[in-house]
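In what follows, a structure is listed as structure tokens, so that the remarks can point back to it.
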Amino acid sequence: MPRAAGKPYCIAIAGGSGSGKSWLTNHLAARLAATVVALDSYYRDLSALPLAERAGQNFDAPEALDWDLLVPQLETLARGRAIEKPLYDFSVHARTGRSERVEPGAFLIVEGLFALYSEPVRALCGAKVFVETAGPVCLSRRIARDVEERGRTPQSVVAQYHETVQPMYEKYILPTRAFADLIVSGEEPVEALAGAVLARIGVAAR
């Protein structure tokens, strides 16, 4: 597990919406005392658009992310320096105008749909993980999350899933599986998934 002195070892965790990426990330972060950067924080700010128009945007395509901010901030963390990460409000599809200071630790986990999409991001990561989960399982998890955490209705979540989420997964996200050096099933117990990642990076499970 090579790591330059004073710089974090970076782990990328990608996969479809509802695949279990955040579940695995949180478990690993607790084991490793890792810094986590969720790509969800880097959606483009749509506050200049009317709310109804914001809601109609495609949030499951790579251009929905602000790569011009994301990549430099990840590079800064990878050099061992702190960043001011933007805070995003999913209920109104806009940044809050506030930020959160993120300090790099010994480990950095980059988690999100497109964690393996960008070559500059992949180049920062010593381990690249893809979480693969059956579509019906992903949809049921997404409904539960978006209704509880993002103020959505089940009907709107299902409609969005079939209109954009699944097609964009097949077009943009599934192909990034080829860049992974570890593929795990999001339907397995999280302890087993975390153990596989820890073994991959040479850290004993505990």
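Just remember, in the structure tokens the first chain shown is A, the second B, etc., residues are 1-based per chain, and ligands are 1-based in the order shown.
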- Message: Which residues are near Ala34 in chain A? Cut-off 9 Å, only C-alpha atoms, ignore same chain within fewer than 3 positions. Put them as a list in words.
- Response: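 Answer for this query is Pro8, Leu28, Ala29, Ala30, Arg31, Pro104, Gly105, Ala106, Phe107, Leu108 and Ile109 of chain A.
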Based on the selection just made, write N, CA, C and O atoms of those residues as a compact mmCIF listing (two decimals), in the first residue's frame.
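The resulting file, result.txt, is shown below:
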# COMPACT_ATOMS: atom_id res chain seq x y z
N PRO A 8 -2.36 11.56 1.62
CA PRO A 8 -3.32 10.47 1.85
C PRO A 8 -3.26 9.40 0.76
O PRO A 8 -2.90 9.68 -0.38
N LEU A 28 -16.02 1.90 5.62
CA LEU A 28 -14.57 2.00 5.46
C LEU A 28 -14.01 3.21 6.19
O LEU A 28 -12.94 3.15 6.80
N ALA A 29 -14.72 4.33 6.09
CA ALA A 29 -14.25 5.56 6.73
C ALA A 29 -14.10 5.37 8.23
O ALA A 29 -13.16 5.86 8.85
N ALA A 30 -15.05 4.63 8.82
CA ALA A 30 -14.97 4.36 10.26
C ALA A 30 -13.78 3.46 10.59
O ALA A 30 -13.09 3.67 11.60
N ARG A 31 -13.52 2.49 9.73
CA ARG A 31 -12.40 1.58 9.95
C ARG A 31 -11.06 2.29 9.81
O ARG A 31 -10.10 2.01 10.54
N PRO A 104 -7.26 16.67 5.02
CA PRO A 104 -6.84 15.34 4.57
C PRO A 104 -6.29 14.52 5.73
O PRO A 104 -5.67 15.05 6.65
N GLY A 105 -6.56 13.23 5.71
CA GLY A 105 -6.00 12.32 6.70
C GLY A 105 -5.08 11.33 6.02
O GLY A 105 -4.61 11.55 4.90
N ALA A 106 -4.85 10.20 6.67
CA ALA A 106 -4.00 9.17 6.07
C ALA A 106 -4.68 8.52 4.88
O ALA A 106 -4.02 8.04 3.95
N PHE A 107 -6.03 8.50 4.90
CA PHE A 107 -6.81 7.91 3.81
C PHE A 107 -7.84 8.92 3.31
O PHE A 107 -8.43 9.66 4.10
N LEU A 108 -8.07 8.90 2.01
CA LEU A 108 -9.07 9.75 1.37
C LEU A 108 -9.96 8.86 0.52
O LEU A 108 -9.47 8.11 -0.33
N ILE A 109 -11.27 8.91 0.76
CA ILE A 109 -12.22 8.14 -0.04
C ILE A 109 -13.02 9.09 -0.91
O ILE A 109 -13.66 10.02 -0.41
Report the closest atom pair, with its distance in Å rounded to one decimal, for each residue of range 46-163 of chain A that has an atom no farther than 7 Å from range 178-181 of chain A; count only C-alpha atoms, sort by chain and then rising residue number, and write it as CSV.
residue,atom,partner,partner_atom,distance
A:Leu116,CA,A:Phe179,CA,6.7
A:Ala127,CA,A:Asp181,CA,6.8
A:Lys128,CA,A:Ala180,CA,4.9
A:Val129,CA,A:Ala180,CA,5.3
A:Phe130,CA,A:Ala180,CA,5.8
- Task: With a distance cut-off of 9 Å and only C-alpha atoms, select the neighbouring residues of Cys138 in chain A, excluding the residue or stretch itself and same-chain residues fewer than 6 positions from it, and output the selection as a ChimeraX atom specification.
- Result: /A:16-20
- Query: When DSSP works through the backbone of this structure, what residues of range 46-185 of chain A end up as helix (DSSP H, G or I), shown as a ChimeraX atom specification?
  - Reply: /A:51-55,62-64,67-78,119-124,135-149,154-179
- Item | Nearest candidate to Glu53 in chain A (options A:Leu39, A:His93, A:Arg200, A:Asp68; using only C-alpha atoms) |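 The shortest atom-to-atom distance to Glu53 in chain A comes from A:His93.
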Return as a Markdown table the residues of range 106-198 of chain A lying at most 12 Å from range 83-89 of chain A, together with the closest atom-to-atom pair for each and the distance in Å to one decimal, counting only C-alpha atoms, with rows in chain order and ascending residue number.
| residue | atom | partner | partner_atom | distance |
| --- | --- | --- | --- | --- |
| A:Glu149 | CA | A:Asp89 | CA | 10.6 |
| A:Arg150 | CA | A:Asp89 | CA | 8.7 |
| A:Gly151 | CA | A:Asp89 | CA | 11.1 |
- as a ChimeraX atom specification, list the residues of range 8-196 of chain A assigned to strand (DSSP E) by DSSP on the backbone atoms of this structure. /A:9-15,35-38,83-89,94-102,107-111,127-132,182-185
Give me a file of those residues, with N, CA and C atoms, as a compact mmCIF listing (two decimals), in the first residue's frame.
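New file again.txt:
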# COMPACT_ATOMS: atom_id res chain seq x y z
N TYR A 9 -3.63 8.20 1.15
CA TYR A 9 -3.84 7.12 0.19
C TYR A 9 -5.29 7.23 -0.28
N CYS A 10 -5.50 7.36 -1.58
CA CYS A 10 -6.83 7.65 -2.12
C CYS A 10 -7.52 6.38 -2.61
N ILE A 11 -8.79 6.26 -2.26
CA ILE A 11 -9.62 5.14 -2.68
C ILE A 11 -10.84 5.71 -3.40
N ALA A 12 -11.12 5.25 -4.62
CA ALA A 12 -12.32 5.67 -5.35
C ALA A 12 -13.37 4.59 -5.25
N ILE A 13 -14.61 4.97 -4.95
CA ILE A 13 -15.72 4.02 -4.87
C ILE A 13 -16.84 4.51 -5.77
N ALA A 14 -17.07 3.77 -6.86
CA ALA A 14 -18.08 4.13 -7.86
C ALA A 14 -19.16 3.06 -7.93
N GLY A 15 -20.21 3.37 -8.69
CA GLY A 15 -21.32 2.43 -8.87
C GLY A 15 -22.59 3.19 -9.12
N THR A 35 -10.86 10.51 5.46
CA THR A 35 -11.57 11.69 4.97
C THR A 35 -12.41 11.25 3.78
N VAL A 36 -13.67 11.69 3.72
CA VAL A 36 -14.57 11.31 2.63
C VAL A 36 -14.95 12.54 1.81
N VAL A 37 -14.85 12.41 0.50
CA VAL A 37 -15.36 13.44 -0.40
C VAL A 37 -16.41 12.79 -1.29
N ALA A 38 -17.67 13.18 -1.08
CA ALA A 38 -18.77 12.68 -1.90
C ALA A 38 -18.95 13.59 -3.12
N ILE A 83 -9.20 21.74 1.99
CA ILE A 83 -10.03 22.45 1.02
C ILE A 83 -11.28 22.99 1.70
N GLU A 84 -11.98 23.87 0.99
CA GLU A 84 -13.31 24.34 1.40
C GLU A 84 -14.31 23.72 0.43
N LYS A 85 -14.94 22.65 0.85
CA LYS A 85 -15.87 21.91 0.00
C LYS A 85 -17.24 22.59 -0.03
N PRO A 86 -17.84 22.75 -1.21
CA PRO A 86 -19.17 23.37 -1.26
C PRO A 86 -20.23 22.49 -0.62
N LEU A 87 -21.28 23.12 -0.12
CA LEU A 87 -22.42 22.40 0.45
C LEU A 87 -23.60 22.54 -0.51
N TYR A 88 -24.23 21.43 -0.81
CA TYR A 88 -25.30 21.40 -1.82
C TYR A 88 -26.62 21.02 -1.17
N ASP A 89 -27.69 21.70 -1.55
CA ASP A 89 -29.03 21.44 -1.02
C ASP A 89 -29.85 20.76 -2.11
N ALA A 94 -29.41 23.44 -5.54
CA ALA A 94 -28.51 24.60 -5.56
C ALA A 94 -27.52 24.51 -4.40
N ARG A 95 -26.40 25.19 -4.55
CA ARG A 95 -25.45 25.29 -3.44
C ARG A 95 -26.00 26.22 -2.38
N THR A 96 -25.62 25.97 -1.16
CA THR A 96 -26.14 26.76 -0.05
C THR A 96 -25.44 28.11 0.10
N GLY A 97 -24.28 28.27 -0.56
CA GLY A 97 -23.48 29.48 -0.37
C GLY A 97 -22.50 29.33 0.77
N ARG A 98 -22.57 28.21 1.48
CA ARG A 98 -21.63 27.92 2.56
C ARG A 98 -20.69 26.81 2.13
N SER A 99 -19.63 26.62 2.89
CA SER A 99 -18.67 25.57 2.57
C SER A 99 -18.27 24.84 3.85
N GLU A 100 -17.62 23.71 3.68
CA GLU A 100 -17.16 22.90 4.79
C GLU A 100 -15.66 22.65 4.62
N ARG A 101 -14.90 22.95 5.65
CA ARG A 101 -13.46 22.70 5.57
C ARG A 101 -13.19 21.21 5.70
N VAL A 102 -12.41 20.69 4.77
CA VAL A 102 -12.08 19.27 4.76
C VAL A 102 -10.57 19.13 4.90
N PHE A 107 -6.03 8.50 4.90
CA PHE A 107 -6.81 7.91 3.81
C PHE A 107 -7.84 8.92 3.31
N LEU A 108 -8.07 8.90 2.01
CA LEU A 108 -9.07 9.75 1.37
C LEU A 108 -9.96 8.86 0.52
N ILE A 109 -11.27 8.91 0.76
CA ILE A 109 -12.22 8.14 -0.04
C ILE A 109 -13.02 9.09 -0.91
N VAL A 110 -12.98 8.86 -2.21
CA VAL A 110 -13.75 9.64 -3.19
C VAL A 110 -14.92 8.77 -3.63
N GLU A 111 -16.13 9.19 -3.32
CA GLU A 111 -17.30 8.34 -3.54
C GLU A 111 -18.34 9.04 -4.41
N ALA A 127 -6.51 2.78 -5.12
CA ALA A 127 -7.46 1.67 -5.22
C ALA A 127 -8.74 2.19 -5.85
N LYS A 128 -9.26 1.44 -6.82
CA LYS A 128 -10.47 1.85 -7.55
C LYS A 128 -11.50 0.73 -7.44
N VAL A 129 -12.63 1.05 -6.80
CA VAL A 129 -13.64 0.05 -6.47
C VAL A 129 -14.93 0.36 -7.21
N PHE A 130 -15.57 -0.67 -7.77
CA PHE A 130 -16.88 -0.51 -8.40
C PHE A 130 -17.87 -1.40 -7.66
N VAL A 131 -18.98 -0.80 -7.20
CA VAL A 131 -20.02 -1.54 -6.48
C VAL A 131 -21.13 -1.88 -7.47
N GLU A 132 -21.36 -3.17 -7.67
CA GLU A 132 -22.33 -3.64 -8.65
C GLU A 132 -23.53 -4.24 -7.93
N LEU A 182 -11.11 -3.57 -8.32
CA LEU A 182 -11.87 -4.43 -7.41
C LEU A 182 -13.35 -4.18 -7.66
N ILE A 183 -14.09 -5.25 -7.96
CA ILE A 183 -15.54 -5.17 -8.18
C ILE A 183 -16.22 -5.97 -7.08
N VAL A 184 -17.16 -5.33 -6.39
CA VAL A 184 -17.85 -6.00 -5.28
C VAL A 184 -19.36 -5.90 -5.49
N SER A 185 -20.09 -6.80 -4.85
CA SER A 185 -21.55 -6.80 -4.94
C SER A 185 -22.15 -6.01 -3.79
- In Å to one decimal, how far is CA of Leu198 in chain A from CA of Ala115 in chain A?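 Straight-line distance from CA of Ala115 in chain A to CA of Leu198 in chain A works out to 18.4 Å.
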- From CA of Ser47 in chain A to CA of Arg142 in chain A the spacing works out at 24.3 Å
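Closest approach to Leu46 in chain A among A:Val158, A:Met168, A:Val121, A:Val92 is made by A:Val92 (distances from only C-alpha atoms).
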Residues near Trp67 in chain A, anyone? I mean within 10 Å using only C-alpha atoms, not counting same-chain ones fewer than 4 positions away, as an mmCIF file with N, CA, C and O atoms, in the first residue's frame.
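Contents of out_10.cif, as written:
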data_model
loop_
_atom_site.group_PDB
_atom_site.id
_atom_site.type_symbol
_atom_site.label_atom_id
_atom_site.label_comp_id
_atom_site.auth_asym_id
_atom_site.auth_seq_id
_atom_site.Cartn_x
_atom_site.Cartn_y
_atom_site.Cartn_z
ATOM 1 N N LEU A 39 -18.985 12.994 -4.293
ATOM 2 C CA LEU A 39 -19.121 13.801 -5.502
ATOM 3 C C LEU A 39 -20.449 14.537 -5.555
ATOM 4 O O LEU A 39 -20.587 15.522 -6.283
ATOM 5 N N TYR A 42 -20.580 18.269 -5.448
ATOM 6 C CA TYR A 42 -20.035 19.056 -6.557
ATOM 7 C C TYR A 42 -20.983 19.187 -7.742
ATOM 8 O O TYR A 42 -20.551 19.479 -8.849
ATOM 9 N N TYR A 43 -22.281 18.989 -7.504
ATOM 10 C CA TYR A 43 -23.225 19.306 -8.577
ATOM 11 C C TYR A 43 -23.152 20.798 -8.884
ATOM 12 O O TYR A 43 -22.915 21.623 -8.004
ATOM 13 N N ARG A 44 -23.335 21.122 -10.145
ATOM 14 C CA ARG A 44 -23.290 22.529 -10.548
ATOM 15 C C ARG A 44 -24.392 23.316 -9.842
ATOM 16 O O ARG A 44 -25.500 22.819 -9.639
ATOM 17 N N PRO A 62 -22.502 13.075 -16.562
ATOM 18 C CA PRO A 62 -21.271 13.633 -15.994
ATOM 19 C C PRO A 62 -21.195 15.152 -16.027
ATOM 20 O O PRO A 62 -20.582 15.762 -15.155
ATOM 21 N N GLU A 63 -21.851 15.781 -17.018
ATOM 22 C CA GLU A 63 -21.800 17.246 -17.096
ATOM 23 C C GLU A 63 -22.587 17.924 -15.985
ATOM 24 O O GLU A 63 -22.518 19.149 -15.816
ATOM 25 N N VAL A 71 -11.956 18.562 -9.565
ATOM 26 C CA VAL A 71 -10.625 17.993 -9.806
ATOM 27 C C VAL A 71 -9.534 18.759 -9.055
ATOM 28 O O VAL A 71 -8.721 18.148 -8.351
ATOM 29 N N PRO A 72 -9.482 20.104 -9.138
ATOM 30 C CA PRO A 72 -8.450 20.811 -8.375
ATOM 31 C C PRO A 72 -8.553 20.596 -6.867
ATOM 32 O O PRO A 72 -7.532 20.522 -6.183
ATOM 33 N N GLN A 73 -9.781 20.497 -6.353
ATOM 34 C CA GLN A 73 -9.917 20.284 -4.913
ATOM 35 C C GLN A 73 -9.430 18.891 -4.501
ATOM 36 O O GLN A 73 -8.775 18.741 -3.462
ATOM 37 N N SER A 118 -13.479 10.167 -14.523
ATOM 38 C CA SER A 118 -12.469 11.139 -14.944
ATOM 39 C C SER A 118 -11.057 10.580 -14.788
ATOM 40 O O SER A 118 -10.679 10.135 -13.701
ATOM 41 N N VAL A 121 -9.024 12.099 -11.935
ATOM 42 C CA VAL A 121 -9.430 11.596 -10.614
ATOM 43 C C VAL A 121 -8.897 10.180 -10.418
ATOM 44 O O VAL A 121 -8.352 9.848 -9.357
#
- Query: Between A:Ala33, A:Ala48, A:Val147, A:Ala61, which is the closest to Thr164 in chain A once you count only C-alpha atoms?
  - Reply: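 Using only C-alpha atoms, the shortest distance to Thr164 in chain A belongs to A:Ala61.
Picture a line from CA of Tyr172 in chain A to CA of Leu69 in chain A; it runs 20.4 Å.
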